[in-house]
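Source file: work.cif; contents: mmCIF, C-alpha atoms.
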data_structure
loop_
_atom_site.label_atom_id
_atom_site.label_comp_id
_atom_site.auth_asym_id
_atom_site.auth_seq_id
_atom_site.Cartn_x
_atom_site.Cartn_y
_atom_site.Cartn_z
CA MET C 25 0.00 0.00 0.00
CA ASN C 26 3.07 2.29 -0.16
CA ASP C 27 2.66 3.63 3.39
CA LEU C 28 -1.03 4.35 2.91
CA ARG C 29 -3.35 3.55 5.82
CA ILE C 30 -6.81 2.32 4.89
CA ALA C 31 -9.99 2.03 6.98
CA VAL C 32 -11.75 -1.27 6.24
CA PRO C 33 -15.40 -1.94 7.09
CA ARG C 34 -16.43 -4.93 9.17
CA GLY C 35 -19.75 -6.53 8.31
CA ALA C 36 -21.28 -7.19 4.89
CA LEU C 37 -18.48 -5.53 2.90
CA PHE C 38 -15.61 -7.11 4.83
CA ASP C 39 -14.98 -10.32 2.87
CA ASP C 40 -15.00 -8.64 -0.55
CA THR C 41 -12.81 -5.83 0.77
CA VAL C 42 -10.24 -8.29 2.14
CA ASP C 43 -10.29 -10.13 -1.20
CA LEU C 44 -9.54 -6.80 -2.87
CA LEU C 45 -6.60 -6.12 -0.53
CA THR C 46 -5.29 -9.62 -1.19
CA GLN C 47 -5.32 -8.93 -4.93
CA LEU C 48 -3.30 -5.78 -4.23
CA GLY C 49 -0.63 -7.99 -2.69
CA LEU C 50 -1.27 -7.53 1.03
CA ASP C 51 -0.85 -10.45 3.43
CA THR C 52 -4.40 -10.63 4.79
CA ASP C 53 -4.17 -13.93 6.71
CA GLU C 54 -4.23 -12.29 10.15
CA LEU C 55 -6.92 -9.85 9.03
CA ARG C 56 -9.14 -12.77 8.02
CA ALA C 57 -8.39 -14.83 11.12
CA ASN C 58 -8.67 -12.23 13.90
CA GLU C 59 -12.15 -10.73 14.31
CA ARG C 60 -11.33 -8.91 17.55
CA LYS C 61 -8.16 -7.11 16.52
CA LEU C 62 -8.83 -3.65 15.08
CA LEU C 63 -5.44 -2.27 14.03
CA PHE C 64 -3.13 -4.18 11.66
CA GLU C 65 -0.12 -1.89 11.45
CA ASP C 66 2.06 -4.22 9.38
CA ILE C 67 -0.30 -3.90 6.41
CA GLY C 68 -1.68 -0.42 7.13
CA VAL C 69 -5.25 -1.51 7.86
CA ILE C 70 -7.75 -0.34 10.50
CA THR C 71 -11.08 -2.17 10.84
CA MET C 72 -14.32 -0.60 12.07
CA ARG C 73 -18.05 -0.25 11.49
CA PRO C 74 -18.85 1.02 7.97
CA SER C 75 -20.52 4.13 9.41
CA ASP C 76 -17.28 5.07 11.21
CA VAL C 77 -15.07 4.90 8.10
CA PRO C 78 -15.79 8.48 6.89
CA THR C 79 -15.10 9.82 10.40
CA TYR C 80 -11.62 8.29 10.54
CA VAL C 81 -10.80 9.28 6.96
CA GLU C 82 -12.01 12.85 7.44
CA ALA C 83 -9.88 13.20 10.60
CA GLY C 84 -6.77 11.83 8.88
CA ALA C 85 -6.54 8.73 11.07
CA ALA C 86 -6.70 6.87 7.76
CA ASP C 87 -5.63 8.10 4.33
CA LEU C 88 -8.21 6.00 2.53
CA GLY C 89 -11.34 4.10 3.43
CA ILE C 90 -13.93 1.77 1.97
CA THR C 91 -17.60 2.10 2.86
CA GLY C 92 -21.03 1.88 1.28
CA LYS C 93 -22.55 4.65 -0.79
CA ASP C 94 -25.49 4.54 1.63
CA VAL C 95 -23.18 5.65 4.46
CA LEU C 96 -21.81 8.53 2.38
CA LEU C 97 -25.29 9.69 1.40
CA GLU C 98 -26.62 9.48 4.95
CA GLN C 99 -23.66 11.43 6.34
CA GLY C 100 -23.64 13.88 3.43
CA PRO C 101 -24.84 17.48 3.59
CA GLU C 102 -28.51 18.40 3.58
CA ALA C 103 -27.64 21.14 1.09
CA PRO C 104 -24.45 22.48 -0.52
CA GLY C 105 -22.15 23.90 2.13
CA GLN C 106 -24.07 22.39 5.05
CA GLY C 107 -22.09 19.85 7.05
CA GLY C 108 -21.33 16.41 5.72
CA ARG C 109 -18.04 14.54 5.81
CA ASP C 110 -15.08 16.26 4.16
CA VAL C 111 -13.82 13.28 2.14
CA TYR C 112 -13.23 12.62 -1.54
CA GLU C 113 -15.10 9.78 -3.22
CA LEU C 114 -12.55 8.27 -5.62
CA LEU C 115 -13.93 5.04 -7.05
CA ASP C 116 -17.00 2.84 -7.24
CA LEU C 117 -15.61 -0.59 -6.36
CA GLY C 118 -18.72 -2.35 -7.64
CA TYR C 119 -19.26 -4.97 -4.94
CA GLY C 120 -21.82 -4.89 -2.14
CA ARG C 121 -24.41 -3.67 -4.64
CA CYS C 122 -27.91 -3.09 -3.26
CA THR C 123 -30.76 -0.65 -3.75
CA MET C 124 -32.32 1.90 -1.40
CA VAL C 125 -36.07 1.53 -1.78
CA LEU C 126 -39.38 2.86 -0.52
CA ALA C 127 -41.59 -0.11 0.39
CA SER C 128 -44.97 -0.71 1.99
CA LYS C 129 -47.44 -3.54 2.64
CA ALA C 130 -48.64 -5.46 -0.40
CA GLY C 131 -51.99 -4.50 -1.84
CA PRO C 132 -53.31 -0.94 -2.09
CA ASP C 133 -50.47 1.35 -1.06
CA PRO C 134 -51.13 2.50 2.55
CA ALA C 135 -48.62 5.33 2.21
CA LEU C 136 -50.45 6.75 -0.78
CA ALA C 137 -53.74 6.40 1.08
CA ALA C 138 -52.31 8.28 4.08
CA LEU C 139 -51.09 11.09 1.84
CA ARG C 140 -54.51 11.44 0.25
CA ARG C 141 -56.35 11.28 3.57
CA LEU C 142 -54.02 13.20 5.91
CA GLY C 143 -51.51 14.94 3.65
CA VAL C 144 -48.62 13.19 5.42
CA MET C 145 -47.15 9.68 5.48
CA ARG C 146 -45.15 7.99 8.25
CA VAL C 147 -41.90 6.33 7.16
CA ALA C 148 -39.58 4.16 9.25
CA THR C 149 -35.91 3.95 8.30
CA LYS C 150 -32.32 3.60 9.45
CA TYR C 151 -31.50 6.36 6.96
CA PRO C 152 -33.51 9.44 8.04
CA ARG C 153 -31.53 11.95 5.97
CA ILE C 154 -31.75 9.93 2.76
CA ALA C 155 -35.46 9.27 3.29
CA GLY C 156 -36.20 12.87 4.22
CA ARG C 157 -34.35 14.30 1.21
CA HIS C 158 -36.00 11.90 -1.22
CA LEU C 159 -39.52 12.57 0.01
CA GLU C 160 -38.95 16.32 0.13
CA GLN C 161 -37.53 16.34 -3.40
CA THR C 162 -40.55 14.40 -4.65
CA GLY C 163 -42.98 16.79 -3.00
CA ARG C 164 -44.32 14.58 -0.22
CA GLN C 165 -44.70 15.45 3.44
CA ALA C 166 -43.51 12.70 5.75
CA GLU C 167 -42.98 11.99 9.41
CA ILE C 168 -39.66 10.14 9.60
CA VAL C 169 -39.38 7.52 12.35
CA GLU C 170 -35.78 6.41 12.91
CA VAL C 171 -35.38 2.78 13.96
CA LYS C 172 -32.26 0.74 14.71
CA GLY C 173 -33.53 -2.83 14.39
CA SER C 174 -35.67 -4.65 11.83
CA VAL C 175 -37.29 -1.89 9.78
CA GLU C 176 -39.76 -4.37 8.25
CA LEU C 177 -41.58 -4.68 11.57
CA ALA C 178 -42.72 -1.06 11.59
CA PRO C 179 -45.41 -1.21 8.87
CA LEU C 180 -46.59 -4.65 10.02
CA THR C 181 -47.47 -3.27 13.46
CA GLY C 182 -49.05 -0.08 12.18
CA LEU C 183 -46.25 2.19 13.42
CA VAL C 184 -45.79 3.58 9.90
CA GLU C 185 -47.24 3.26 6.41
CA ALA C 186 -43.89 2.73 4.62
CA ILE C 187 -40.18 2.11 5.05
CA VAL C 188 -37.00 3.25 3.36
CA ASP C 189 -34.30 0.59 3.48
CA LEU C 190 -31.58 -1.22 1.56
CA THR C 191 -32.36 -4.44 -0.26
CA ALA C 192 -30.17 -6.74 -2.31
CA THR C 193 -32.57 -9.50 -3.36
CA GLY C 194 -35.92 -8.37 -1.96
CA THR C 195 -36.32 -11.66 -0.07
CA THR C 196 -36.77 -10.11 3.38
CA LEU C 197 -39.36 -7.70 2.02
CA ARG C 198 -41.34 -10.49 0.37
CA GLU C 199 -41.19 -12.66 3.48
CA ASN C 200 -42.78 -9.81 5.42
CA ASN C 201 -45.49 -9.12 2.80
CA LEU C 202 -43.87 -5.85 1.70
CA VAL C 203 -43.42 -4.64 -1.86
CA VAL C 204 -41.09 -2.09 -3.42
CA ARG C 205 -42.94 1.07 -4.45
CA GLU C 206 -39.91 3.10 -5.58
CA GLU C 207 -36.20 2.64 -6.13
CA ILE C 208 -34.30 5.61 -4.68
CA VAL C 209 -30.62 4.94 -5.37
CA VAL C 210 -28.27 2.04 -6.13
CA CYS C 211 -25.48 1.71 -3.56
CA SER C 212 -22.16 -0.15 -3.62
CA ALA C 213 -18.74 -0.05 -1.97
CA ARG C 214 -16.81 3.18 -2.55
CA LEU C 215 -13.17 4.13 -2.05
CA ILE C 216 -12.81 7.47 -0.25
CA ALA C 217 -9.80 9.62 0.62
CA ASN C 218 -8.76 12.25 3.12
CA PRO C 219 -8.42 15.55 1.18
CA VAL C 220 -5.00 16.37 2.65
CA ALA C 221 -3.65 12.87 2.03
CA HIS C 222 -5.05 13.05 -1.49
CA LYS C 223 -2.77 16.04 -2.14
CA LEU C 224 0.32 15.01 -0.17
CA LYS C 225 0.26 11.38 -1.28
CA ALA C 226 -1.20 11.95 -4.75
CA ALA C 227 1.32 9.80 -6.63
CA ARG C 228 0.81 6.79 -4.35
CA ILE C 229 -2.97 7.14 -4.40
CA ASP C 230 -3.02 7.52 -8.19
CA GLU C 231 -0.87 4.40 -8.49
CA LEU C 232 -3.30 2.51 -6.25
CA LEU C 233 -6.28 3.69 -8.32
CA GLY C 234 -4.57 2.48 -11.47
CA ARG C 235 -3.98 -0.94 -9.93
CA LEU C 236 -7.58 -1.15 -8.69
CA ARG C 237 -8.96 -0.33 -12.13
CA GLY C 238 -6.82 -3.10 -13.61
CA LEU C 239 -7.85 -5.84 -11.23
CA PRO C 240 -9.72 -8.85 -12.62
CA MET C 241 -12.02 -8.92 -9.58
CA ALA C 242 -15.62 -8.95 -10.77
CA GLY C 243 -17.51 -5.76 -10.10
CA VAL C 244 -14.60 -3.32 -9.90
CA ALA C 245 -15.72 -0.27 -11.88
#

Using the file provided, produce a representation of the structure as structure tokens.
Amino acid sequence: MNDLRIAVPRGALFDDTVDLLTQLGLDTDELRANERKLLFEDIGVITMRPSDVPTYVEAGAADLGITGKDVLLEQGPEAPGQGGRDVYELLDLGYGRCTMVLASKAGPDPALAALRRLGVMRVATKYPRIAGRHLEQTGRQAEIVEVKGSVELAPLTGLVEAIVDLTATGTTLRENNLVVREEIVVCSARLIANPVAHKLKAARIDELLGRLRGLPMAGVA
């Protein structure tokens, strides 16, 4: 990695990310074998929750990071110049692909019915900023209910009329009698950089980008 430190996400993106690092020539045996260790100094890797990756990259604790586009959108600014993580998005890595959707119970759309009846719909989500922006941009008034656990439960119990969530295959939605009403955005793993590191270590980062683009790994864009 030419003295570059990279923040790697644990969870759904971990295995594909480690495969990517292996293709770059890193010795990832310990990284694969040790789930509790967080810092692997010999190979320049830090592991953490995907939502923490932009925080560490922005602060310069890591030069580069890999996280989902959903994380970047949720932590992004509400409007130009308003907050958000100060990181550069360098490359769509292609893997971890899923879709952010608006879904509700099968049959007549209860969210549409609520809008017609009350002028407002209730939406449960783990992504309140993404959901709020989408509904505002499409001219709908919504009460956003942030949940941490299984989002699918919320419409089944009458807490809300709809949900905004990520889906890869749609299986969990179907098993809970929910259907996709709208696709909001396609998300996948993204490579991000600290702005200062991007300038000071430009040659090394550009070399890495060139190697990534040339990898045979399926899905690298």

If you count all atoms listed in the file, which residues fall within 6 Å of stretch 132-144 of chain C, apart from same-chain ones fewer than 2 positions away, as a list in words?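 What passes the distance filter is Gln165, Ala166, Glu185 and Ala186 of chain C.
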
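With only C-alpha atoms as the basis for measurement, C:Val32 is the residue among C:Val220, C:Val32, C:Leu126, C:Ala227 that approaches C:Thr71 most closely.
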
Closest to C:Met72 among C:Phe38, C:Asp87, C:Lys129, C:Pro33, using all atoms listed in the file?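 Using all atoms listed in the file, the shortest distance to C:Met72 belongs to C:Pro33.
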
I'd like the interatomic distance between atom CA of C:Tyr119 and atom CA of C:Tyr151, to a tenth of an Å.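 Computing it gives 20.5 Å between the two atoms.
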
Care to translate the PyMOL selection byres ((chain C and resi 202) around 6) into actual residues of this file, as a ChimeraX atom specification? /C:128-130,197-198,200-201,203

Calculate how many Å separate atom CA of C:Glu207 from atom CA of C:Thr123, rounding to one decimal.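 It comes out at 6.8 Å.
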
Written as a tab-separated table (two decimals) with C-alpha atoms, in the frame of the given file, which residues does the PyMOL selection byres ((chain C and resi 68) around 9) give for the file shown?
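Listed below is the output, result_29.tsv:
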chain	number	residue	atom	x	y	z
C	25	MET	CA	0.00	0.00	0.00
C	27	ASP	CA	2.66	3.63	3.39
C	28	LEU	CA	-1.03	4.35	2.91
C	29	ARG	CA	-3.35	3.55	5.82
C	30	ILE	CA	-6.81	2.32	4.89
C	31	ALA	CA	-9.99	2.03	6.98
C	63	LEU	CA	-5.44	-2.27	14.03
C	64	PHE	CA	-3.13	-4.18	11.66
C	65	GLU	CA	-0.12	-1.89	11.45
C	66	ASP	CA	2.06	-4.22	9.38
C	67	ILE	CA	-0.30	-3.90	6.41
C	69	VAL	CA	-5.25	-1.51	7.86
C	70	ILE	CA	-7.75	-0.34	10.50
C	86	ALA	CA	-6.70	6.87	7.76

From the list C:Leu180, C:Val204, C:Val77, C:Ala57, which residue is nearest C:Val125 when using only C-alpha atoms? C:Val204

If the box runs along x, y and z of the file and leaves 5 Å on each side of stretch 144-147 of chain C, what are its centre and edge lengths in Å, one decimal, as JSON?
{"center_x": -45.3, "center_y": 9.8, "center_z": 6.8, "size_x": 16.7, "size_y": 16.9, "size_z": 12.8}

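A straight line drawn from atom CA of C:Asp53 to atom CA of C:Asp40 is 14.1 Å long.
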
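Among C:Gly163, C:Gly84, C:Gly120, C:Gly238, the residue with the shortest atom-to-atom distance to C:Thr191, counting only C-alpha atoms, is C:Gly120.
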
Using all atoms listed in the file for the distances, tell me which of C:Ser75, C:Leu48, C:Val147, C:Lys93 is nearest to C:Leu114.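 Checking each of C:Ser75, C:Leu48, C:Val147, C:Lys93 against C:Leu114, counting all atoms listed in the file, the winner is C:Lys93.
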
Just checking: using all atoms listed in the file, which residue out of C:Lys223, C:Arg153, C:Arg214, C:Arg235 ends up closest to C:Thr91?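 The answer is C:Arg214, which sits nearest to C:Thr91.
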
Hits of the PyMOL selection byres ((chain C and resi 169-173) around 10) in this structure, as an mmCIF file with C-alpha atoms, in the frame of the given file:
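Final output, saved to expr29.cif:
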data_model
loop_
_atom_site.group_PDB
_atom_site.id
_atom_site.type_symbol
_atom_site.label_atom_id
_atom_site.label_comp_id
_atom_site.auth_asym_id
_atom_site.auth_seq_id
_atom_site.Cartn_x
_atom_site.Cartn_y
_atom_site.Cartn_z
ATOM 1 C CA ARG C 146 -45.150 7.990 8.250
ATOM 2 C CA VAL C 147 -41.900 6.330 7.160
ATOM 3 C CA ALA C 148 -39.580 4.160 9.250
ATOM 4 C CA THR C 149 -35.910 3.950 8.300
ATOM 5 C CA LYS C 150 -32.320 3.600 9.450
ATOM 6 C CA TYR C 151 -31.500 6.360 6.960
ATOM 7 C CA PRO C 152 -33.510 9.440 8.040
ATOM 8 C CA ARG C 153 -31.530 11.950 5.970
ATOM 9 C CA ALA C 166 -43.510 12.700 5.750
ATOM 10 C CA GLU C 167 -42.980 11.990 9.410
ATOM 11 C CA ILE C 168 -39.660 10.140 9.600
ATOM 12 C CA SER C 174 -35.670 -4.650 11.830
ATOM 13 C CA VAL C 175 -37.290 -1.890 9.780
ATOM 14 C CA GLU C 176 -39.760 -4.370 8.250
ATOM 15 C CA LEU C 177 -41.580 -4.680 11.570
ATOM 16 C CA ALA C 178 -42.720 -1.060 11.590
ATOM 17 C CA LEU C 183 -46.250 2.190 13.420
ATOM 18 C CA VAL C 184 -45.790 3.580 9.900
ATOM 19 C CA ILE C 187 -40.180 2.110 5.050
#

All heavy atoms are needed for stretch 50-61 of chain C; please write them out as a short mmCIF file (atom, residue, chain, number, x, y, z; two decimals), keeping the file's coordinate frame.
data_model
loop_
_atom_site.label_atom_id
_atom_site.label_comp_id
_atom_site.auth_asym_id
_atom_site.auth_seq_id
_atom_site.Cartn_x
_atom_site.Cartn_y
_atom_site.Cartn_z
N LEU C 50 -1.42 -7.56 -0.42
CA LEU C 50 -1.27 -7.53 1.03
C LEU C 50 -1.43 -8.93 1.62
O LEU C 50 -2.21 -9.75 1.11
CB LEU C 50 -2.32 -6.62 1.66
CG LEU C 50 -2.24 -5.13 1.34
CD1 LEU C 50 -3.25 -4.36 2.20
CD2 LEU C 50 -0.85 -4.58 1.57
N ASP C 51 -0.70 -9.20 2.69
CA ASP C 51 -0.85 -10.45 3.43
C ASP C 51 -2.03 -10.28 4.39
O ASP C 51 -1.92 -9.62 5.43
CB ASP C 51 0.43 -10.75 4.21
CG ASP C 51 0.35 -12.06 4.99
OD1 ASP C 51 -0.74 -12.67 5.00
OD2 ASP C 51 1.36 -12.45 5.60
N THR C 52 -3.17 -10.85 4.03
CA THR C 52 -4.40 -10.63 4.79
C THR C 52 -4.77 -11.81 5.69
O THR C 52 -5.89 -11.87 6.20
CB THR C 52 -5.57 -10.35 3.83
OG1 THR C 52 -5.70 -11.46 2.91
CG2 THR C 52 -5.33 -9.07 3.04
N ASP C 53 -3.85 -12.74 5.90
CA ASP C 53 -4.17 -13.93 6.71
C ASP C 53 -4.62 -13.56 8.11
O ASP C 53 -5.63 -14.06 8.62
CB ASP C 53 -2.96 -14.87 6.77
CG ASP C 53 -2.70 -15.56 5.44
OD1 ASP C 53 -3.59 -15.52 4.57
OD2 ASP C 53 -1.60 -16.14 5.27
N GLU C 54 -3.86 -12.69 8.78
CA GLU C 54 -4.23 -12.29 10.15
C GLU C 54 -5.52 -11.49 10.14
O GLU C 54 -6.36 -11.62 11.03
CB GLU C 54 -3.11 -11.48 10.79
CG GLU C 54 -3.40 -11.17 12.26
CD GLU C 54 -2.34 -10.30 12.91
OE1 GLU C 54 -1.47 -9.77 12.20
OE2 GLU C 54 -2.40 -10.13 14.15
N LEU C 55 -5.70 -10.66 9.15
CA LEU C 55 -6.92 -9.85 9.03
C LEU C 55 -8.15 -10.75 8.92
O LEU C 55 -9.19 -10.48 9.52
CB LEU C 55 -6.81 -8.95 7.81
CG LEU C 55 -7.95 -7.97 7.51
CD1 LEU C 55 -8.19 -7.03 8.68
CD2 LEU C 55 -7.64 -7.18 6.25
N ARG C 56 -8.03 -11.83 8.17
CA ARG C 56 -9.14 -12.77 8.02
C ARG C 56 -9.38 -13.57 9.30
O ARG C 56 -10.52 -13.88 9.64
CB ARG C 56 -8.86 -13.74 6.88
CG ARG C 56 -8.82 -13.12 5.50
CD ARG C 56 -8.53 -14.19 4.45
NE ARG C 56 -8.27 -13.63 3.14
CZ ARG C 56 -9.19 -13.30 2.25
NH1 ARG C 56 -10.47 -13.48 2.56
NH2 ARG C 56 -8.87 -12.81 1.07
N ALA C 57 -8.30 -13.88 10.00
CA ALA C 57 -8.39 -14.83 11.12
C ALA C 57 -8.76 -14.17 12.45
O ALA C 57 -9.28 -14.84 13.34
CB ALA C 57 -7.07 -15.59 11.27
N ASN C 58 -8.50 -12.89 12.60
CA ASN C 58 -8.67 -12.23 13.90
C ASN C 58 -9.81 -11.22 13.85
O ASN C 58 -9.64 -10.10 13.35
CB ASN C 58 -7.37 -11.54 14.31
CG ASN C 58 -7.35 -11.19 15.78
OD1 ASN C 58 -8.38 -10.93 16.39
ND2 ASN C 58 -6.15 -11.18 16.37
N GLU C 59 -10.98 -11.60 14.36
CA GLU C 59 -12.15 -10.73 14.31
C GLU C 59 -12.13 -9.65 15.38
O GLU C 59 -12.86 -8.67 15.28
CB GLU C 59 -13.42 -11.56 14.45
CG GLU C 59 -13.66 -12.53 13.30
CD GLU C 59 -14.95 -13.29 13.44
OE1 GLU C 59 -15.66 -13.07 14.45
OE2 GLU C 59 -15.26 -14.11 12.56
N ARG C 60 -11.34 -9.85 16.43
CA ARG C 60 -11.33 -8.91 17.55
C ARG C 60 -10.28 -7.80 17.40
O ARG C 60 -10.46 -6.70 17.90
CB ARG C 60 -11.10 -9.65 18.87
CG ARG C 60 -12.24 -10.61 19.22
CD ARG C 60 -12.03 -11.25 20.58
NE ARG C 60 -13.11 -12.15 20.91
CZ ARG C 60 -14.25 -11.77 21.47
NH1 ARG C 60 -14.45 -10.50 21.75
NH2 ARG C 60 -15.19 -12.66 21.76
N LYS C 61 -9.21 -8.10 16.70
CA LYS C 61 -8.16 -7.11 16.52
C LYS C 61 -8.64 -6.03 15.57
O LYS C 61 -9.30 -6.30 14.57
CB LYS C 61 -6.89 -7.77 15.97
CG LYS C 61 -5.69 -6.85 15.90
CD LYS C 61 -4.45 -7.62 15.48
CE LYS C 61 -3.23 -6.70 15.40
NZ LYS C 61 -2.00 -7.44 15.02
#
